[in-house]
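For reference, the structure is listed below as structure tokens.
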Amino acid sequence: MAFPLPRGITPPEISFLAEMEMVTILPRQRLEGLELLGGPVEPLLPPRRASLPLWLALLLKRQRRANILPPPWLHPESLSLILDIETQHHEYEHTFSPPPPLPGQPSIRDHGQRPVAVPRYTPDGGRYYPAPPFLPQNVAQDHIPAGEPPSLPFHWLEVGTMLLDAASDDLVDPDQTRRLLKELREVRTAKIRSGVDVLDTASTGGGGVALTGVGAMEVGEGRGFIAGVIDGLRKIGASKEQARREQMAEDMANGGYGATQDDDDDMEF
Amino acid sequence: MSYYDIDSILTDAQKLPCTFELEVPGLGILEGNPGDNIKAGTRIDLPLWLGEMLSIGARLGTSRLVTLDIPSALSERVMNALKADPRTVDLRALAPHFYSLSERVLELFEEEEMVDVLINTFKKRASEIADHAHNPMGALGDGVEFLRGLDETERQLFRVAHDSAKETRIWAGEAKKR
Amino acid sequence: MDIDDILASVDRNDVSSPESAVLDHQLLTRFWVAERGVSELLPWPEALMNRMMGRVRKQIETIEDLAASSSDPASNNSNNNPNINLKLSILQTDLSRTQYLLRCILRQRLSKLTKHSMHYLLRVSAASSSQHPDSQINTDQQQPEDSIPDLTNVLDPSPLSAQELAFLRAHQTLLAGHFGASFLSSFPAQLRRLDDNAGGVSMVQGPDGREMVFVRCLVERVAVVVPPGDGVEVETMGTEMRMGDVWVVRWEGVRGAWERGEVEIL
């Protein structure tokens, strides 16, 4: 029983995942509420807006039963601003523009506030913290808080591409939007590629490389290469890492048992 | 070493210079003289798996049968060339499984500087591989020569980078399936 | 537990509520992405899968009832509700999407299990029974099947489901029989095993915990750990990730945090 897919979700699967993002529609007909496996869908009562998963919004849009209200970031003005951050700001020369905050995480303008992650509980008693595609990062907004810079959600490329494809008549200046998305993609792909130089920080135990702000499709595109480079570096450096670990074991043994746990907190590689 | 991994098995078969410390009766077959003895001081290239086994005494501190040497693929001359410009060295000509061989050699010899040179080499060449892999036209011009000189690990890296770039273009509707 | 925790757990027990359907859908989706992204088999989420299968069965009934009523001329339902075909197509699309997730999870797991079959069989049997079968005694009668551990006393098949364990055992028995019949039977008896360790290379290969994963940090902070090894007896801490960060790290460095729900695999 062969399973043909490589490790890590592939572009079509990433797209499938992005279709679970909630978007706002303006229904053109009535429809009673539905109980879906993904959760309940509210009744459609024109001209009242409704929030639906993207796959359902696209299904209705293709049958001309609804219009889709684009998310605020998918607007030429927002995209130009984000492109500016990606290209002009020295701070983001090698990194991505900051993503929308998670619930409980202070946004860029709330400087100094501490994040507080609030869990929900699963029926099995585990903690659950929601993340994209299950956050309202792609719903329409009437009032954007002042001083809140626009940001690209995790599924920006997929949602943007799908809306351009199926609902371009609902977008403001689709041609300009398409051009900006393409430019953003190129700028950000170049950042991933030039990041090879820092990948060895992830090749030893306890290390890692931050890619905060990266998009889902960008992870999909870079996954095999990035993982391959780090695994290669790890194997070349394996003898050195082992020698260092053995040295550490020796130091711990010489320092006695008491020295072990406290020292660990300061151990940064 | 991975039991079912063909690259791992092929790496095991790569040759390493070995010098016999003792005379061994009847082992002349390794030199192509079946039935003869092997004299102390004889230098023969042996596959990694065999050389490693025969040198085990050395690591246990008892009398050793053979001493191992660093293979020519990882010689000082090669390291200097890699320091000068990692991109112009034809690794495949040195050893088809260049990095896997290095890994095994580094388990046997403590060569900290070699680790640093190889890590830098791998990174520099990986960036170049990424550039070629993202070119939808495939390898062109100078690239052809560089890509021909990739070792097996690098070839796999090229393949995975090329395939995922292509998959993404297919999804975006910029390329056709197959 | 603070007050937020208590409030958040109020709806915990009502599995039939719409909120619980939403949560389970999100849990299933997150599990699918993780199972696809990690090299080792993740612990089978028994309770979640049972709830999902129950809902799928119910949804299929709903769809069948709706389809029957729409094609029944006596009920005249299609006049009452012009949206019945639209409703049907939405419900069916939603069902197919969930079925894709379930099927993909199962297929990915079977692929991991068959790739490292001996590893998982030995792991499950080692966790359950203290004594190993004495299959080594009669060496000249040795057959490849003798490498398969005795699983009769296994109470907890984790990380496999009970069905997966039954599948894996049957699979490995067939495979060993096939190896035996096609070439191993002509080997000397002591070379017929599938779990040999000769020459310092184990025939039993498992997934590599040091392979890289992409994760998002979901809580205030999570430290990447280095598991004990190479003479170091305790787990040590490495880089610290902050809330909302995305990192590329070793799977073994975040496995614990993933089990606690503090990071998600991307």
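Going through the structure tokens in order, the chains are called A, B, and so on, while each chain numbers its residues from 1 and the ligands are numbered from 1 in the order shown.
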Original post:
For chain C, which residues have at least one atom within 7 Å of chain A, if we go by only C-alpha atoms? Write them as a PyMOL selection string, please.
Top reply: chain C and resi 8-9+12-13+18+21-22+25+33+36-37+91+94-95+107-108+111+211-212+218-220+224-226+230-232+236-239+244-249+253+260-261
**OP:** Identify every residue of chain C that has at least one atom within 8 Å of any atom of chain B, counting only C-alpha atoms, and report the result as an NGL selection string.
**Re:** :C and (201-205)
Print the selection's residues with N, CA and C atoms to a file, as a PDB file, in the first residue's frame.
```
ATOM      1  N   VAL C 201      25.375  -3.253  12.815  1.00  0.00           N
ATOM      2  CA  VAL C 201      24.311  -2.545  12.114  1.00  0.00           C
ATOM      3  C   VAL C 201      23.004  -3.267  12.379  1.00  0.00           C
ATOM      4  N   SER C 202      22.063  -2.571  13.007  1.00  0.00           N
ATOM      5  CA  SER C 202      20.798  -3.207  13.324  1.00  0.00           C
ATOM      6  C   SER C 202      19.908  -3.262  12.096  1.00  0.00           C
ATOM      7  N   MET C 203      19.237  -4.394  11.916  1.00  0.00           N
ATOM      8  CA  MET C 203      18.268  -4.498  10.823  1.00  0.00           C
ATOM      9  C   MET C 203      16.996  -3.739  11.162  1.00  0.00           C
ATOM     10  N   VAL C 204      16.802  -3.467  12.448  1.00  0.00           N
ATOM     11  CA  VAL C 204      15.589  -2.772  12.869  1.00  0.00           C
ATOM     12  C   VAL C 204      15.834  -1.265  12.821  1.00  0.00           C
ATOM     13  N   GLN C 205      15.186  -0.618  11.870  1.00  0.00           N
ATOM     14  CA  GLN C 205      15.376   0.823  11.712  1.00  0.00           C
ATOM     15  C   GLN C 205      14.132   1.550  12.175  1.00  0.00           C
TER      16      GLN C 205
END
```
Original post:
Could you pull out all residues of stretch 17-138 of chain C with a DSSP call of alpha helix (DSSP H) and give them as a VMD selection string?
Top reply: chain C and resid 18 to 37 46 to 71 77 to 80 84 to 115 117 to 128
Export of the given selection (C-alpha atoms) as a compact mmCIF listing (two decimals), in the first residue's frame:
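part-v3.txt, freshly written:
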```
# COMPACT_ATOMS: atom_id res chain seq x y z
CA PRO C 18 -21.99 22.46 18.05
CA GLU C 19 -18.98 24.00 19.83
CA SER C 20 -17.61 20.53 20.39
CA ALA C 21 -18.00 19.74 16.67
CA VAL C 22 -16.01 22.87 15.82
CA LEU C 23 -13.28 22.00 18.30
CA ASP C 24 -13.00 18.39 17.14
CA HIS C 25 -12.79 19.50 13.53
CA GLN C 26 -9.90 21.81 14.46
CA LEU C 27 -8.19 19.10 16.49
CA LEU C 28 -8.51 16.60 13.64
CA THR C 29 -7.12 19.10 11.14
CA ARG C 30 -4.19 19.95 13.38
CA PHE C 31 -3.49 16.27 13.96
CA TRP C 32 -3.54 15.62 10.20
CA VAL C 33 -0.95 18.33 9.53
CA ALA C 34 1.23 16.98 12.37
CA GLU C 35 1.00 13.35 11.25
CA ARG C 36 1.99 14.46 7.75
CA GLY C 37 4.90 16.53 9.02
CA GLU C 46 -8.59 7.22 20.14
CA ALA C 47 -11.29 9.40 21.75
CA LEU C 48 -11.14 12.08 19.04
CA MET C 49 -11.34 9.47 16.28
CA ASN C 50 -14.30 7.76 17.93
CA ARG C 51 -16.17 11.06 18.19
CA MET C 52 -15.37 11.91 14.57
CA MET C 53 -16.46 8.51 13.28
CA GLY C 54 -19.73 8.85 15.22
CA ARG C 55 -20.39 12.24 13.64
CA VAL C 56 -19.51 10.99 10.16
CA ARG C 57 -21.99 8.11 10.53
CA LYS C 58 -24.70 10.51 11.66
CA GLN C 59 -23.96 12.92 8.84
CA ILE C 60 -24.21 10.15 6.25
CA GLU C 61 -27.66 9.29 7.63
CA THR C 62 -28.72 12.92 7.43
CA ILE C 63 -27.59 13.13 3.82
CA GLU C 64 -29.34 9.88 2.91
CA ASP C 65 -32.59 11.06 4.51
CA LEU C 66 -32.39 14.36 2.72
CA ALA C 67 -31.62 12.71 -0.62
CA ALA C 68 -34.53 10.29 -0.13
CA SER C 69 -36.97 13.05 0.68
CA SER C 70 -35.89 15.09 -2.34
CA SER C 71 -36.47 12.21 -4.73
CA ASN C 77 -40.49 18.51 -0.44
CA SER C 78 -38.65 19.95 -3.41
CA ASN C 79 -41.38 22.53 -3.83
CA ASN C 80 -41.25 23.48 -0.20
CA ILE C 84 -32.52 21.04 -1.28
CA ASN C 85 -29.97 20.32 -3.99
CA LEU C 86 -27.73 23.13 -2.79
CA LYS C 87 -28.00 21.82 0.75
CA LEU C 88 -27.15 18.33 -0.42
CA SER C 89 -24.10 19.48 -2.32
CA ILE C 90 -22.84 21.49 0.67
CA LEU C 91 -23.33 18.59 3.07
CA GLN C 92 -21.64 16.19 0.67
CA THR C 93 -18.67 18.49 0.08
CA ASP C 94 -18.25 18.92 3.84
CA LEU C 95 -18.43 15.15 4.31
CA SER C 96 -15.86 14.51 1.57
CA ARG C 97 -13.47 17.01 3.13
CA THR C 98 -13.64 15.26 6.51
CA GLN C 99 -13.31 11.87 4.86
CA TYR C 100 -10.19 13.11 3.06
CA LEU C 101 -8.63 14.09 6.40
CA LEU C 102 -9.46 10.73 7.98
CA ARG C 103 -8.29 8.71 5.01
CA CYS C 104 -5.08 10.69 4.63
CA ILE C 105 -4.25 10.28 8.34
CA LEU C 106 -4.81 6.52 8.14
CA ARG C 107 -2.79 6.11 4.95
CA GLN C 108 0.08 8.21 6.27
CA ARG C 109 0.13 6.12 9.44
CA LEU C 110 0.10 2.82 7.55
CA SER C 111 2.99 4.10 5.45
CA LYS C 112 5.01 4.92 8.58
CA LEU C 113 4.12 1.57 10.15
CA THR C 114 5.11 -0.53 7.16
CA LYS C 115 8.30 1.47 6.62
CA SER C 117 7.45 -2.34 10.91
CA MET C 118 9.89 -4.25 13.12
CA HIS C 119 10.64 -1.08 15.10
CA TYR C 120 7.01 -0.55 16.04
CA LEU C 121 6.31 -4.25 16.72
CA LEU C 122 9.27 -4.43 19.09
CA ARG C 123 8.36 -1.13 20.71
CA VAL C 124 4.80 -2.22 21.46
CA SER C 125 5.85 -5.65 22.73
CA ALA C 126 8.66 -4.20 24.88
CA ALA C 127 6.28 -1.76 26.53
CA SER C 128 3.80 -4.50 27.41
```
Subject >> Long-range neighbours of B:Val78 as number ranges by chain, 12 Å cut-off, only C-alpha atoms, 4 positions minimum in chain >> reply: B: 70-74, 82-86, 88-91, 93-95, 98, 114, 117-118, 121
Residues from last step as file, N, CA and C atoms, as a compact mmCIF listing (two decimals), in the first residue's frame:
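Done, and the output landed in again_0.txt:
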```txt
# COMPACT_ATOMS: atom_id res chain seq x y z
N ILE B 70 43.49 9.47 5.95
CA ILE B 70 42.39 10.23 5.37
C ILE B 70 42.40 10.02 3.86
N PRO B 71 41.24 9.70 3.26
CA PRO B 71 41.22 9.45 1.82
C PRO B 71 41.56 10.71 1.02
N SER B 72 42.02 10.49 -0.21
CA SER B 72 42.47 11.63 -1.02
C SER B 72 41.35 12.63 -1.28
N ALA B 73 40.09 12.13 -1.28
CA ALA B 73 38.96 13.04 -1.50
C ALA B 73 38.89 14.12 -0.42
N LEU B 74 39.49 13.84 0.74
CA LEU B 74 39.43 14.80 1.84
C LEU B 74 40.82 15.30 2.21
N LEU B 82 38.58 23.96 -1.37
CA LEU B 82 37.23 24.26 -0.87
C LEU B 82 37.22 25.58 -0.11
N LYS B 83 38.32 25.87 0.57
CA LYS B 83 38.41 27.15 1.29
C LYS B 83 38.45 28.30 0.29
N ALA B 84 39.17 28.09 -0.82
CA ALA B 84 39.32 29.15 -1.82
C ALA B 84 37.98 29.44 -2.51
N ASP B 85 37.33 28.41 -3.04
CA ASP B 85 36.02 28.60 -3.66
C ASP B 85 35.28 27.27 -3.72
N PRO B 86 34.35 27.08 -2.81
CA PRO B 86 33.66 25.80 -2.72
C PRO B 86 32.90 25.47 -4.00
N THR B 88 33.62 25.81 -7.20
CA THR B 88 34.30 25.36 -8.42
C THR B 88 34.85 23.94 -8.30
N VAL B 89 34.71 23.33 -7.11
CA VAL B 89 35.28 21.99 -6.94
C VAL B 89 34.27 20.94 -7.39
N ASP B 90 34.75 19.99 -8.19
CA ASP B 90 33.89 18.89 -8.66
C ASP B 90 33.89 17.78 -7.60
N LEU B 91 32.92 17.86 -6.70
CA LEU B 91 32.89 16.89 -5.58
C LEU B 91 32.62 15.48 -6.08
N ALA B 93 33.59 14.04 -8.73
CA ALA B 93 34.81 13.39 -9.22
C ALA B 93 35.66 12.91 -8.04
N LEU B 94 35.60 13.63 -6.93
CA LEU B 94 36.39 13.23 -5.75
C LEU B 94 35.79 11.99 -5.10
N ALA B 95 34.48 11.99 -4.93
CA ALA B 95 33.77 10.86 -4.35
C ALA B 95 32.29 11.06 -4.59
N PHE B 98 30.46 12.12 -1.41
CA PHE B 98 31.47 12.93 -0.75
C PHE B 98 31.12 13.23 0.71
N MET B 114 38.36 20.45 9.54
CA MET B 114 37.69 19.87 8.37
C MET B 114 36.18 20.04 8.50
N VAL B 117 35.36 23.60 7.45
CA VAL B 117 35.49 23.79 6.00
C VAL B 117 34.31 23.15 5.28
N LEU B 118 33.96 21.93 5.69
CA LEU B 118 32.87 21.21 5.01
C LEU B 118 31.52 21.88 5.25
N THR B 121 31.41 24.82 3.03
CA THR B 121 31.26 24.33 1.65
C THR B 121 29.81 23.95 1.37
```
**OP:** Please report as a PyMOL selection string which residues of chain A come no farther than 6 Å from chain B, using only C-alpha atoms.
**Re:** chain A and resi 11+221+224-225+236+239
Subject >> Backbone-only DSSP, strand (DSSP E or B) members of stretch 19-218 of chain C, as a PyMOL selection string >> reply: chain C and resi 212-217
Original post:
Please, what distance in Å, to one decimal, runs between atom CA of C:Glu259 and atom CA of C:Leu151?
Top reply: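 Taking atom CA of C:Glu259 as the start and atom CA of C:Leu151 as the end point, the length is 26.5 Å.
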Skip B:Lys15 itself and residues of its chain fewer than 4 positions away, then list as a PDB file with N, CA and C atoms, in the first residue's frame all residues within 8 Å of it, counting only C-alpha atoms.
```pdb
ATOM      1  N   ASP B  45      44.414   0.459  -0.499  1.00  0.00           N
ATOM      2  CA  ASP B  45      43.104   1.089  -0.349  1.00  0.00           C
ATOM      3  C   ASP B  45      42.071   0.010  -0.076  1.00  0.00           C
ATOM      4  N   LEU B  46      41.419   0.100   1.070  1.00  0.00           N
ATOM      5  CA  LEU B  46      40.394  -0.889   1.417  1.00  0.00           C
ATOM      6  C   LEU B  46      39.058  -0.193   1.567  1.00  0.00           C
ATOM      7  N   PRO B  47      37.970  -0.930   1.283  1.00  0.00           N
ATOM      8  CA  PRO B  47      36.651  -0.327   1.521  1.00  0.00           C
ATOM      9  C   PRO B  47      36.500   0.066   2.992  1.00  0.00           C
ATOM     10  N   LEU B  48      35.718   1.114   3.182  1.00  0.00           N
ATOM     11  CA  LEU B  48      35.516   1.666   4.517  1.00  0.00           C
ATOM     12  C   LEU B  48      35.131   0.606   5.552  1.00  0.00           C
ATOM     13  N   PRO B  71      41.243   9.705   3.258  1.00  0.00           N
ATOM     14  CA  PRO B  71      41.215   9.447   1.817  1.00  0.00           C
ATOM     15  C   PRO B  71      41.558  10.706   1.018  1.00  0.00           C
TER      16      PRO B  71
END
```
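The residue that comes closest to B:His97, out of B:Leu150, B:Leu50, B:Leu22, B:Val144 and on the basis of only C-alpha atoms, is B:Leu150.
Across the model, the gap from atom CA of C:Gln163 to atom CA of C:Ile265 is 25.7 Å.
For stretch 23-25 of chain B, the list of residues within 6 Å, based on only C-alpha atoms and with local chain neighbours fewer than 2 positions off taken out, reads B:Leu27, B:Asn37, B:Ile38, B:Lys39, B:Ala40.
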I need the chosen residues saved as a PDB file, in the first residue's frame, with N, CA and C atoms.
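Resulting contents of selection_6.pdb:
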```
ATOM      1  N   LEU B  27      46.556 -13.203   3.752  1.00  0.00           N
ATOM      2  CA  LEU B  27      45.622 -12.137   3.400  1.00  0.00           C
ATOM      3  C   LEU B  27      46.028 -11.417   2.103  1.00  0.00           C
ATOM      4  N   ASN B  37      51.314 -13.852   1.910  1.00  0.00           N
ATOM      5  CA  ASN B  37      51.124 -13.082   3.134  1.00  0.00           C
ATOM      6  C   ASN B  37      51.109 -11.594   2.794  1.00  0.00           C
ATOM      7  N   ILE B  38      50.526 -10.813   3.714  1.00  0.00           N
ATOM      8  CA  ILE B  38      50.625  -9.358   3.577  1.00  0.00           C
ATOM      9  C   ILE B  38      51.693  -8.888   4.536  1.00  0.00           C
ATOM     10  N   LYS B  39      52.657  -8.103   4.005  1.00  0.00           N
ATOM     11  CA  LYS B  39      53.786  -7.701   4.845  1.00  0.00           C
ATOM     12  C   LYS B  39      53.440  -6.468   5.651  1.00  0.00           C
ATOM     13  N   ALA B  40      54.103  -6.338   6.794  1.00  0.00           N
ATOM     14  CA  ALA B  40      53.936  -5.124   7.588  1.00  0.00           C
ATOM     15  C   ALA B  40      54.393  -3.936   6.747  1.00  0.00           C
TER      16      ALA B  40
END
```
Original post:
Any idea what's packed within 10 Å of C:Arg193, counting only C-alpha atoms, ignoring anything in its chain fewer than 4 positions away? Could you give it as a PyMOL selection string?
Top reply: chain C and resi 136+142-148+176+180+184+189+197+203
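If you look at atom CA of A:Gly255 and atom CA of C:Glu235, they are 16.6 Å away from each other.
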